[in-house]
file upload-v3.cif (mmCIF, C-alpha atoms and all ligand atoms)
data_my_file
#
loop_
_atom_site.label_atom_id
_atom_site.label_comp_id
_atom_site.auth_asym_id
_atom_site.auth_seq_id
_atom_site.Cartn_x
_atom_site.Cartn_y
_atom_site.Cartn_z
CA MET A 1 -75.86 -81.43 -141.13
CA SER A 2 -77.62 -82.84 -144.20
CA ASP A 3 -77.08 -79.79 -146.34
CA LEU A 4 -73.51 -79.51 -145.11
CA GLN A 5 -72.99 -83.01 -146.56
CA PRO A 6 -75.30 -83.12 -149.58
CA LEU A 7 -73.40 -86.09 -151.05
CA ASP A 8 -73.94 -88.24 -147.94
CA PRO A 9 -76.91 -90.22 -149.35
CA LEU A 10 -74.85 -91.05 -152.44
CA ILE A 11 -71.80 -91.98 -150.35
CA GLN A 12 -73.92 -94.27 -148.17
CA ALA A 13 -75.50 -95.89 -151.24
CA LEU A 14 -72.09 -96.49 -152.85
CA ARG A 15 -70.96 -98.28 -149.68
CA ARG A 16 -73.43 -101.06 -150.46
CA LEU A 17 -71.14 -102.08 -153.33
CA PRO A 18 -68.88 -104.99 -152.27
CA GLY A 19 -65.35 -103.90 -151.39
CA VAL A 20 -66.23 -100.19 -151.14
CA GLY A 21 -65.41 -98.52 -147.82
CA VAL A 22 -66.19 -94.99 -146.77
CA LYS A 23 -63.02 -93.50 -148.30
CA SER A 24 -63.61 -95.15 -151.69
CA ALA A 25 -67.27 -94.15 -151.61
CA GLN A 26 -66.33 -90.52 -150.94
CA ARG A 27 -63.83 -90.58 -153.79
CA MET A 28 -66.40 -92.14 -156.15
CA ALA A 29 -69.14 -89.66 -155.23
CA PHE A 30 -66.77 -86.71 -155.59
CA HIS A 31 -65.47 -87.99 -158.94
CA LEU A 32 -68.96 -88.50 -160.36
CA MET A 33 -70.26 -85.12 -159.20
CA GLN A 34 -67.20 -83.11 -160.09
CA ARG A 35 -65.95 -84.82 -163.24
CA ASP A 36 -68.47 -87.32 -164.60
CA GLN A 37 -72.11 -86.41 -164.03
CA ASP A 38 -72.92 -88.18 -167.27
CA GLY A 39 -71.39 -91.34 -165.76
CA ALA A 40 -73.64 -90.91 -162.72
CA ARG A 41 -76.71 -90.70 -164.96
CA VAL A 42 -75.63 -93.73 -167.01
CA LEU A 43 -75.00 -95.79 -163.87
CA SER A 44 -78.32 -94.73 -162.34
CA ARG A 45 -80.20 -95.90 -165.44
CA ALA A 46 -78.19 -99.13 -165.80
CA LEU A 47 -78.98 -100.08 -162.20
CA GLN A 48 -82.67 -99.36 -162.61
CA GLU A 49 -82.88 -101.25 -165.90
CA ALA A 50 -81.01 -104.26 -164.56
CA VAL A 51 -83.33 -104.50 -161.56
CA ASP A 52 -86.41 -103.98 -163.73
CA SER A 53 -85.62 -106.23 -166.67
CA VAL A 54 -83.09 -108.89 -165.71
CA GLN A 55 -84.48 -112.12 -164.27
CA HIS A 56 -83.42 -115.72 -163.72
CA CYS A 57 -83.87 -118.22 -166.56
CA SER A 58 -86.51 -120.70 -165.46
CA ARG A 59 -84.47 -123.62 -166.77
CA CYS A 60 -80.80 -122.85 -166.07
CA ASN A 61 -81.09 -120.06 -163.47
CA THR A 62 -78.70 -117.66 -165.25
CA PHE A 63 -79.52 -113.96 -165.66
CA THR A 64 -81.58 -113.19 -168.75
CA HIS A 65 -84.02 -110.64 -170.17
CA ASP A 66 -86.50 -113.41 -171.04
CA ALA A 67 -88.26 -116.16 -169.11
CA VAL A 68 -85.97 -118.71 -170.78
CA CYS A 69 -82.45 -117.73 -171.85
CA PRO A 70 -81.11 -118.05 -175.43
CA ILE A 71 -78.97 -121.11 -174.60
CA CYS A 72 -81.89 -123.01 -173.05
CA ARG A 73 -84.06 -121.99 -176.03
CA ASP A 74 -81.48 -123.45 -178.44
CA ALA A 75 -82.93 -126.89 -179.31
CA GLY A 76 -79.76 -127.86 -181.17
CA ARG A 77 -77.68 -128.52 -178.06
CA ASP A 78 -76.90 -131.85 -176.39
CA ALA A 79 -79.70 -132.34 -173.86
CA ALA A 80 -77.98 -135.35 -172.28
CA ARG A 81 -75.28 -133.12 -170.78
CA LEU A 82 -75.75 -130.51 -168.03
CA CYS A 83 -72.81 -128.42 -166.87
CA VAL A 84 -73.07 -126.97 -163.35
CA VAL A 85 -71.28 -123.63 -162.87
CA GLU A 86 -71.20 -121.09 -160.05
CA THR A 87 -71.91 -117.86 -161.92
CA PRO A 88 -73.01 -116.43 -165.29
CA ALA A 89 -69.38 -115.35 -165.79
CA ASP A 90 -68.31 -119.03 -165.50
CA LEU A 91 -71.00 -120.00 -168.01
CA ALA A 92 -69.66 -117.37 -170.41
CA ALA A 93 -66.12 -118.72 -169.97
CA MET A 94 -67.29 -122.26 -170.81
CA GLU A 95 -69.11 -120.94 -173.88
CA ARG A 96 -66.01 -119.09 -175.07
CA THR A 97 -64.05 -122.37 -175.15
CA GLY A 98 -66.35 -123.58 -177.94
CA ALA A 99 -65.72 -127.08 -176.56
CA TYR A 100 -69.09 -127.66 -174.92
CA SER A 101 -72.47 -128.09 -176.57
CA GLY A 102 -74.70 -129.21 -173.68
CA TYR A 103 -76.90 -127.13 -171.39
CA TYR A 104 -76.07 -125.42 -168.12
CA PHE A 105 -77.24 -124.92 -164.62
CA VAL A 106 -76.02 -121.80 -162.81
CA LEU A 107 -75.93 -122.09 -159.01
CA MET A 108 -75.53 -118.32 -158.53
CA GLY A 109 -73.09 -118.94 -155.74
CA ARG A 110 -71.04 -121.56 -153.98
CA ILE A 111 -71.19 -123.15 -150.58
CA SER A 112 -69.25 -121.02 -148.13
CA PRO A 113 -69.72 -121.81 -144.43
CA MET A 114 -67.60 -118.75 -143.57
CA ASP A 115 -70.14 -116.49 -145.26
CA GLY A 116 -73.11 -118.51 -144.02
CA VAL A 117 -73.91 -119.84 -147.49
CA GLY A 118 -75.09 -123.45 -147.20
CA ALA A 119 -76.39 -126.04 -149.66
CA LYS A 120 -79.91 -124.60 -149.50
CA ASP A 121 -78.77 -121.06 -150.34
CA ILE A 122 -77.51 -122.04 -153.77
CA GLY A 123 -79.91 -123.43 -156.35
CA LEU A 124 -79.61 -127.12 -155.40
CA PRO A 125 -83.34 -127.92 -155.10
CA ARG A 126 -83.93 -126.38 -158.52
CA LEU A 127 -80.96 -128.29 -159.93
CA LEU A 128 -82.49 -131.53 -158.66
CA GLU A 129 -85.73 -130.65 -160.42
CA ARG A 130 -83.86 -129.81 -163.60
CA VAL A 131 -81.97 -133.12 -163.60
CA ALA A 132 -85.18 -135.11 -163.04
CA ASP A 133 -86.29 -134.55 -166.64
CA GLY A 134 -85.19 -138.07 -167.65
CA VAL A 135 -83.08 -136.69 -170.49
CA VAL A 136 -79.95 -135.54 -168.65
CA GLN A 137 -77.46 -138.40 -168.45
CA GLU A 138 -74.34 -136.57 -167.30
CA VAL A 139 -73.88 -133.75 -164.82
CA ILE A 140 -70.51 -132.07 -165.38
CA LEU A 141 -69.24 -130.20 -162.32
CA ALA A 142 -67.45 -127.02 -163.38
CA THR A 143 -67.36 -125.28 -160.01
CA SER A 144 -64.13 -123.58 -158.92
CA PHE A 145 -61.12 -125.58 -157.81
CA THR A 146 -61.11 -123.82 -154.47
CA THR A 147 -62.15 -125.12 -151.07
CA GLU A 148 -65.61 -123.62 -151.54
CA GLY A 149 -65.93 -124.81 -155.13
CA GLU A 150 -64.91 -128.32 -154.10
CA ALA A 151 -67.42 -128.31 -151.24
CA THR A 152 -70.08 -127.24 -153.70
CA ALA A 153 -69.10 -129.98 -156.16
CA HIS A 154 -69.23 -132.47 -153.30
CA ALA A 155 -72.74 -131.34 -152.31
CA VAL A 156 -73.97 -131.69 -155.89
CA THR A 157 -72.41 -135.15 -156.12
CA GLU A 158 -74.23 -136.24 -152.95
CA LEU A 159 -77.47 -134.80 -154.28
CA MET A 160 -77.15 -136.98 -157.39
CA GLN A 161 -76.64 -140.20 -155.42
CA GLY A 162 -79.14 -142.87 -156.46
CA ARG A 163 -80.27 -140.96 -159.55
CA GLN A 164 -79.71 -142.28 -163.03
CA VAL A 165 -77.09 -139.67 -163.92
CA GLN A 166 -73.33 -139.84 -164.17
CA VAL A 167 -71.50 -137.09 -162.29
CA THR A 168 -68.16 -135.92 -163.70
CA ARG A 169 -65.76 -133.13 -162.76
CA LEU A 170 -63.54 -130.94 -164.94
CA ALA A 171 -59.99 -132.31 -164.86
CA ARG A 172 -57.45 -130.61 -162.66
CA GLY A 173 -54.06 -130.07 -164.17
CA VAL A 174 -51.36 -127.77 -165.44
CA PRO A 175 -52.82 -124.80 -167.34
CA VAL A 176 -52.16 -124.83 -171.07
CA GLY A 177 -49.25 -122.54 -171.96
CA SER A 178 -47.75 -122.43 -168.50
CA GLU A 179 -44.17 -123.28 -167.61
CA LEU A 180 -44.01 -125.95 -164.92
CA GLU A 181 -41.60 -123.85 -162.92
CA TYR A 182 -44.31 -121.28 -162.24
CA VAL A 183 -47.21 -123.64 -161.56
CA ASP A 184 -48.12 -124.15 -157.91
CA LEU A 185 -47.13 -127.44 -156.37
CA GLY A 186 -50.65 -128.60 -155.54
CA THR A 187 -51.61 -128.29 -159.20
CA ILE A 188 -48.55 -130.26 -160.32
CA ALA A 189 -49.28 -132.96 -157.74
CA HIS A 190 -52.87 -133.26 -158.97
CA ALA A 191 -51.74 -133.33 -162.59
CA LEU A 192 -49.37 -136.15 -161.72
CA VAL A 193 -52.04 -138.21 -159.95
CA GLU A 194 -54.54 -137.61 -162.74
CA ARG A 195 -52.04 -138.23 -165.54
CA ARG A 196 -53.30 -140.23 -168.48
CA MET B 197 -74.48 -111.63 -177.32
CA SER B 198 -76.48 -108.97 -175.48
CA ASP B 199 -78.98 -111.36 -173.96
CA LEU B 200 -76.21 -113.81 -173.11
CA GLN B 201 -74.67 -111.01 -171.03
CA PRO B 202 -77.66 -109.07 -169.72
CA LEU B 203 -75.56 -107.46 -166.98
CA ASP B 204 -73.07 -106.00 -169.45
CA PRO B 205 -74.58 -102.48 -169.51
CA LEU B 206 -74.45 -102.40 -165.70
CA ILE B 207 -70.88 -103.74 -165.66
CA GLN B 208 -69.80 -101.09 -168.18
CA ALA B 209 -71.52 -98.35 -166.17
CA LEU B 210 -69.87 -99.48 -162.92
CA ARG B 211 -66.46 -99.25 -164.61
CA ARG B 212 -66.90 -95.48 -164.78
CA LEU B 213 -66.37 -95.41 -161.01
CA PRO B 214 -62.75 -94.52 -160.16
CA GLY B 215 -60.65 -97.55 -159.23
CA VAL B 216 -63.15 -100.10 -160.55
CA GLY B 217 -61.81 -102.53 -163.18
CA VAL B 218 -63.73 -105.12 -165.12
CA LYS B 219 -63.38 -107.83 -162.44
CA SER B 220 -64.61 -105.55 -159.64
CA ALA B 221 -67.46 -104.31 -161.83
CA GLN B 222 -68.55 -107.90 -162.54
CA ARG B 223 -68.42 -108.73 -158.84
CA MET B 224 -70.43 -105.59 -157.97
CA ALA B 225 -73.08 -106.23 -160.63
CA PHE B 226 -73.42 -109.86 -159.61
CA HIS B 227 -73.65 -108.95 -155.93
CA LEU B 228 -76.33 -106.33 -156.49
CA MET B 229 -78.45 -108.52 -158.75
CA GLN B 230 -78.08 -111.70 -156.75
CA ARG B 231 -78.00 -110.44 -153.17
CA ASP B 232 -78.94 -106.77 -152.93
CA GLN B 233 -81.45 -105.56 -155.51
CA ASP B 234 -82.69 -103.09 -152.93
CA GLY B 235 -79.15 -101.69 -152.79
CA ALA B 236 -79.21 -101.31 -156.57
CA ARG B 237 -82.46 -99.34 -156.38
CA VAL B 238 -81.16 -97.14 -153.57
CA LEU B 239 -77.94 -96.40 -155.46
CA SER B 240 -79.83 -95.67 -158.67
CA ARG B 241 -82.01 -93.11 -156.90
CA ALA B 242 -79.11 -91.57 -154.95
CA LEU B 243 -77.17 -91.01 -158.17
CA GLN B 244 -80.13 -89.43 -159.92
CA GLU B 245 -80.96 -87.21 -156.96
CA ALA B 246 -77.36 -86.07 -156.52
CA VAL B 247 -77.12 -85.11 -160.19
CA ASP B 248 -80.50 -83.38 -160.11
CA SER B 249 -80.30 -81.47 -156.86
CA VAL B 250 -76.69 -80.93 -155.82
CA GLN B 251 -74.98 -77.81 -157.14
CA HIS B 252 -71.99 -75.61 -156.36
CA CYS B 253 -72.37 -72.83 -153.78
CA SER B 254 -72.09 -69.54 -155.64
CA ARG B 255 -69.84 -68.09 -152.94
CA CYS B 256 -67.57 -70.92 -151.71
CA ASN B 257 -67.94 -73.46 -154.53
CA THR B 258 -68.72 -76.41 -152.23
CA PHE B 259 -71.54 -78.86 -153.02
CA THR B 260 -74.91 -77.76 -151.71
CA HIS B 261 -78.64 -78.17 -152.29
CA ASP B 262 -79.10 -74.40 -152.36
CA ALA B 263 -77.67 -71.52 -154.37
CA VAL B 264 -75.66 -70.46 -151.30
CA CYS B 265 -74.55 -73.06 -148.75
CA PRO B 266 -75.44 -72.90 -145.01
CA ILE B 267 -71.92 -71.81 -143.99
CA CYS B 268 -71.87 -68.92 -146.47
CA ARG B 269 -75.41 -67.95 -145.34
CA ASP B 270 -74.23 -67.79 -141.70
CA ALA B 271 -73.67 -64.06 -141.12
CA GLY B 272 -72.09 -64.75 -137.72
CA ARG B 273 -68.76 -65.96 -139.06
CA ASP B 274 -65.52 -64.00 -139.40
CA ALA B 275 -65.68 -62.48 -142.90
CA ALA B 276 -62.05 -61.33 -142.73
CA ARG B 277 -60.78 -64.91 -142.97
CA LEU B 278 -61.09 -67.24 -145.97
CA CYS B 279 -59.80 -70.81 -145.77
CA VAL B 280 -58.91 -72.46 -149.09
CA VAL B 281 -59.41 -76.24 -149.16
CA GLU B 282 -59.29 -78.83 -151.93
CA THR B 283 -62.56 -80.70 -151.36
CA PRO B 284 -65.84 -80.61 -149.41
CA ALA B 285 -64.42 -83.45 -147.27
CA ASP B 286 -61.52 -81.17 -146.27
CA LEU B 287 -64.00 -78.41 -145.44
CA ALA B 288 -65.92 -80.86 -143.25
CA ALA B 289 -62.68 -81.85 -141.47
CA MET B 290 -61.88 -78.19 -140.75
CA GLU B 291 -65.40 -77.65 -139.41
CA ARG B 292 -65.12 -80.68 -137.13
CA THR B 293 -62.08 -79.15 -135.41
CA GLY B 294 -64.32 -76.38 -134.11
CA ALA B 295 -61.23 -74.15 -134.26
CA TYR B 296 -62.17 -72.06 -137.29
CA SER B 297 -64.93 -69.50 -137.62
CA GLY B 298 -64.19 -67.85 -140.98
CA TYR B 299 -65.52 -68.70 -144.42
CA TYR B 300 -64.21 -71.15 -147.02
CA PHE B 301 -63.38 -71.51 -150.65
CA VAL B 302 -63.40 -75.05 -152.07
CA LEU B 303 -61.16 -75.54 -155.11
CA MET B 304 -62.78 -78.90 -156.00
CA GLY B 305 -59.40 -80.31 -156.90
CA ARG B 306 -55.71 -79.64 -156.81
CA ILE B 307 -53.09 -78.89 -159.39
CA SER B 308 -51.77 -82.15 -160.80
CA PRO B 309 -49.65 -81.91 -163.97
CA MET B 310 -49.59 -85.74 -164.12
CA ASP B 311 -53.38 -85.81 -164.48
CA GLY B 312 -53.45 -82.73 -166.70
CA VAL B 313 -55.05 -80.57 -164.00
CA GLY B 314 -53.60 -77.06 -164.20
CA ALA B 315 -54.25 -73.80 -162.36
CA LYS B 316 -57.19 -72.99 -164.64
CA ASP B 317 -58.93 -76.33 -163.99
CA ILE B 318 -59.42 -75.63 -160.31
CA GLY B 319 -61.51 -72.69 -159.19
CA LEU B 320 -58.72 -70.07 -159.10
CA PRO B 321 -60.47 -67.36 -161.17
CA ARG B 322 -63.54 -67.66 -158.94
CA LEU B 323 -61.32 -67.55 -155.85
CA LEU B 324 -59.79 -64.30 -157.11
CA GLU B 325 -63.27 -62.86 -157.54
CA ARG B 326 -64.25 -64.03 -154.06
CA VAL B 327 -61.19 -62.43 -152.45
CA ALA B 328 -61.80 -59.12 -154.25
CA ASP B 329 -64.73 -58.29 -151.96
CA GLY B 330 -62.59 -55.90 -149.88
CA VAL B 331 -63.56 -57.69 -146.67
CA VAL B 332 -61.24 -60.71 -146.74
CA GLN B 333 -57.97 -59.85 -145.04
CA GLU B 334 -56.40 -63.30 -144.69
CA VAL B 335 -56.38 -66.28 -147.04
CA ILE B 336 -55.51 -69.46 -145.11
CA LEU B 337 -54.14 -72.20 -147.33
CA ALA B 338 -55.36 -75.59 -146.09
CA THR B 339 -54.48 -77.64 -149.17
CA SER B 340 -52.81 -81.03 -148.67
CA PHE B 341 -49.20 -81.33 -147.61
CA THR B 342 -48.40 -83.35 -150.73
CA THR B 343 -46.53 -82.33 -153.87
CA GLU B 344 -49.80 -81.49 -155.57
CA GLY B 345 -51.25 -79.72 -152.55
CA GLU B 346 -48.08 -77.65 -152.18
CA ALA B 347 -48.15 -76.76 -155.89
CA THR B 348 -51.74 -75.68 -155.46
CA ALA B 349 -50.88 -73.59 -152.40
CA HIS B 350 -48.03 -72.02 -154.37
CA ALA B 351 -50.37 -71.13 -157.26
CA VAL B 352 -52.85 -69.49 -154.88
CA THR B 353 -50.04 -67.55 -153.21
CA GLU B 354 -48.88 -66.23 -156.59
CA LEU B 355 -52.45 -65.30 -157.47
CA MET B 356 -52.69 -63.18 -154.33
CA GLN B 357 -49.48 -61.21 -155.07
CA GLY B 358 -50.13 -57.47 -155.01
CA ARG B 359 -53.58 -57.82 -153.45
CA GLN B 360 -54.31 -56.46 -150.03
CA VAL B 361 -54.60 -59.85 -148.35
CA GLN B 362 -52.26 -61.79 -146.13
CA VAL B 363 -51.65 -65.39 -147.25
CA THR B 364 -50.95 -67.97 -144.53
CA ARG B 365 -50.50 -71.74 -144.57
CA LEU B 366 -51.50 -74.37 -142.00
CA ALA B 367 -48.45 -75.31 -139.95
CA ARG B 368 -46.66 -78.54 -140.74
CA GLY B 369 -45.62 -80.62 -137.77
CA VAL B 370 -45.88 -83.75 -135.72
CA PRO B 371 -49.51 -84.96 -135.48
CA VAL B 372 -51.06 -84.61 -132.03
CA GLY B 373 -50.99 -87.92 -130.15
CA SER B 374 -48.28 -89.52 -132.26
CA GLU B 375 -45.06 -91.03 -130.93
CA LEU B 376 -42.02 -89.48 -132.57
CA GLU B 377 -40.64 -92.93 -133.38
CA TYR B 378 -43.45 -93.56 -135.83
CA VAL B 379 -43.58 -90.15 -137.49
CA ASP B 380 -41.93 -89.92 -140.91
CA LEU B 381 -38.62 -88.10 -141.03
CA GLY B 382 -39.75 -85.35 -143.39
CA THR B 383 -42.47 -84.37 -140.94
CA ILE B 384 -40.01 -84.32 -138.02
CA ALA B 385 -37.57 -82.22 -140.04
CA HIS B 386 -40.30 -79.71 -140.87
CA ALA B 387 -41.47 -79.64 -137.25
CA LEU B 388 -37.91 -78.87 -136.23
CA VAL B 389 -37.50 -76.02 -138.70
CA GLU B 390 -40.89 -74.56 -137.83
CA ARG B 391 -40.43 -75.00 -134.08
CA ARG B 392 -41.64 -72.12 -131.95
ZN ZN A 401 -81.30 -120.81 -169.39
ZN ZN A 402 -70.80 -71.70 -149.63
#
call {"tool": "encode", "arguments": {"input": "upload-v3.cif", "output": "structure tokens"}}
result
Amino acid sequence: MSDLQPLDPLIQALRRLPGVGVKSAQRMAFHLMQRDQDGARVLSRALQEAVDSVQHCSRCNTFTHDAVCPICRDAGRDAARLCVVETPADLAAMERTGAYSGYYFVLMGRISPMDGVGAKDIGLPRLLERVADGVVQEVILATSFTTEGEATAHAVTELMQGRQVQVTRLARGVPVGSELEYVDLGTIAHALVERR
Amino acid sequence: MSDLQPLDPLIQALRRLPGVGVKSAQRMAFHLMQRDQDGARVLSRALQEAVDSVQHCSRCNTFTHDAVCPICRDAGRDAARLCVVETPADLAAMERTGAYSGYYFVLMGRISPMDGVGAKDIGLPRLLERVADGVVQEVILATSFTTEGEATAHAVTELMQGRQVQVTRLARGVPVGSELEYVDLGTIAHALVERR
């Protein structure tokens, strides 16, 4: 059967991508082989290079080509502040605001009992180590405002109990530029409670 | 920026997969790097091996590791019959029925004016060559029963005009095992017209 289905190994490998079932994998394999072999080569190399050369920053845990990432190497930032985010994409979003000049810690996940991800599976022990440097005064929780993100923020808060650091959380509220009519009620309720 | 976003090349490469936008590509890259680096290696190799070793069968045009695929090498099949399908997956479906013993021709696509795929972009010239062997007596059209599949079947039929081959089409009708109540009306109407 293997030569009757020469694309089977590729189809099986594509199924390891999240959200890709057998039909999508077949469509992807067929597309690459029939219409974009160059894309297949580019993707093959990008995967190999990412696995070979991307590592975790030893200070903030984000993905980087070096032992310590460019942000952690930047001595000009505010070392008293440490912002805790779930993913490198969240870190990038914070950076794009231009409103934050401290350092980061990237959990590389969030607590999700449904998916079997507990407090130990995200980088909490390493975060504790990072905070114990005696310089960090404020830990800013920038995890998602979802059930899982809130559970994660809660776990970090507990972890910081009894340590000489202040724990803060990004404010919840109505997104800038949105019309109240289209904002969900929970958000409006929170914005009302946290009004200032 | 490149070391701030070390997964960017991988994310860009993943976007070449059909149906994968920037958000999905980010999720896939993150998943592979954080939770399934072995999956990334396996996919990298599968892509490279598919591009390096899979080719088109010189007789039926399907994907194969060899110059001529196992089905075309099988001298025990009925050489008077040639079934025209759109993709290798369709060929595999026909084979699984166990009801067909002739040979195949795989168009590797279907006519789709919307996507700029015309009669010349699918393997019609090679099909014409294949049919001209003087042995094929019947061309069985097993393209999809969609607008594009019908247009493709029509184009093949026109191509065969004046040649000494009979052109037939798979019968349309109510799928085996289905309750009439749940079958779409177009299918029922066709089944009625083509009743026998
Ligand atoms: Zn870092
Ligand atoms: Zn063949």
call {"tool": "residues_around", "arguments": {"input": "upload-v3.cif", "residues": "range 110-127 of chain A", "least_positions_apart": "6", "cutoff": "12 Å", "atoms": "all atoms listed in the file", "output": "count of residues only"}}
result
38
call {"tool": "interface_residues", "arguments": {"input": "upload-v3.cif", "of": "chain B", "to": "chain A", "cutoff": "7 Å", "atoms": "only C-alpha atoms", "output": "PyMOL selection string"}}
result
chain B and resi 199-200+202-203+205-206+209-210+212-214+224+229+233+235-244+246-247+250+259-261+266
call {"tool": "write_last_selection", "arguments": {"input": "upload-v3.cif", "atoms": "C-alpha atoms", "output": "PDB file, in the coordinates of the input"}}
result
ATOM      1  CA  ASP B 199     -78.980-111.360-173.960  1.00  0.00           C
ATOM      2  CA  LEU B 200     -76.210-113.810-173.110  1.00  0.00           C
ATOM      3  CA  PRO B 202     -77.660-109.070-169.720  1.00  0.00           C
ATOM      4  CA  LEU B 203     -75.560-107.460-166.980  1.00  0.00           C
ATOM      5  CA  PRO B 205     -74.580-102.480-169.510  1.00  0.00           C
ATOM      6  CA  LEU B 206     -74.450-102.400-165.700  1.00  0.00           C
ATOM      7  CA  ALA B 209     -71.520 -98.350-166.170  1.00  0.00           C
ATOM      8  CA  LEU B 210     -69.870 -99.480-162.920  1.00  0.00           C
ATOM      9  CA  ARG B 212     -66.900 -95.480-164.780  1.00  0.00           C
ATOM     10  CA  LEU B 213     -66.370 -95.410-161.010  1.00  0.00           C
ATOM     11  CA  PRO B 214     -62.750 -94.520-160.160  1.00  0.00           C
ATOM     12  CA  MET B 224     -70.430-105.590-157.970  1.00  0.00           C
ATOM     13  CA  MET B 229     -78.450-108.520-158.750  1.00  0.00           C
ATOM     14  CA  GLN B 233     -81.450-105.560-155.510  1.00  0.00           C
ATOM     15  CA  GLY B 235     -79.150-101.690-152.790  1.00  0.00           C
ATOM     16  CA  ALA B 236     -79.210-101.310-156.570  1.00  0.00           C
ATOM     17  CA  ARG B 237     -82.460 -99.340-156.380  1.00  0.00           C
ATOM     18  CA  VAL B 238     -81.160 -97.140-153.570  1.00  0.00           C
ATOM     19  CA  LEU B 239     -77.940 -96.400-155.460  1.00  0.00           C
ATOM     20  CA  SER B 240     -79.830 -95.670-158.670  1.00  0.00           C
ATOM     21  CA  ARG B 241     -82.010 -93.110-156.900  1.00  0.00           C
ATOM     22  CA  ALA B 242     -79.110 -91.570-154.950  1.00  0.00           C
ATOM     23  CA  LEU B 243     -77.170 -91.010-158.170  1.00  0.00           C
ATOM     24  CA  GLN B 244     -80.130 -89.430-159.920  1.00  0.00           C
ATOM     25  CA  ALA B 246     -77.360 -86.070-156.520  1.00  0.00           C
ATOM     26  CA  VAL B 247     -77.120 -85.110-160.190  1.00  0.00           C
ATOM     27  CA  VAL B 250     -76.690 -80.930-155.820  1.00  0.00           C
ATOM     28  CA  PHE B 259     -71.540 -78.860-153.020  1.00  0.00           C
ATOM     29  CA  THR B 260     -74.910 -77.760-151.710  1.00  0.00           C
ATOM     30  CA  HIS B 261     -78.640 -78.170-152.290  1.00  0.00           C
ATOM     31  CA  PRO B 266     -75.440 -72.900-145.010  1.00  0.00           C
TER      32      PRO B 266
END
call {"tool": "residues_around", "arguments": {"input": "upload-v3.cif", "residues": "Gly186 in chain A", "least_positions_apart": "4", "cutoff": "12 Å", "atoms": "all atoms listed in the file", "output": "PyMOL selection string"}}
result
chain A and resi 145-146+172-174+180+182+190-193
call {"tool": "atom_distance", "arguments": {"input": "upload-v3.cif", "atom1": "CA of Arg81 in chain A", "atom2": "CA of Tyr100 in chain A"}}
result
9.2 Å
call {"tool": "closest_residue", "arguments": {"input": "upload-v3.cif", "among": "A:Gly162, A:Gly21, A:Gly98, A:Tyr103", "to": "ligand ZN 401 (chain A)", "atoms": "all atoms listed in the file"}}
result
A:Tyr103
call {"tool": "atom_distance", "arguments": {"input": "upload-v3.cif", "atom1": "CA of Phe301 in chain B", "atom2": "CA of Ala367 in chain B"}}
result
18.8 Å
call {"tool": "atom_distance", "arguments": {"input": "upload-v3.cif", "atom1": "CA of Glu129 in chain A", "atom2": "CA of Met94 in chain A"}}
result
22.8 Å
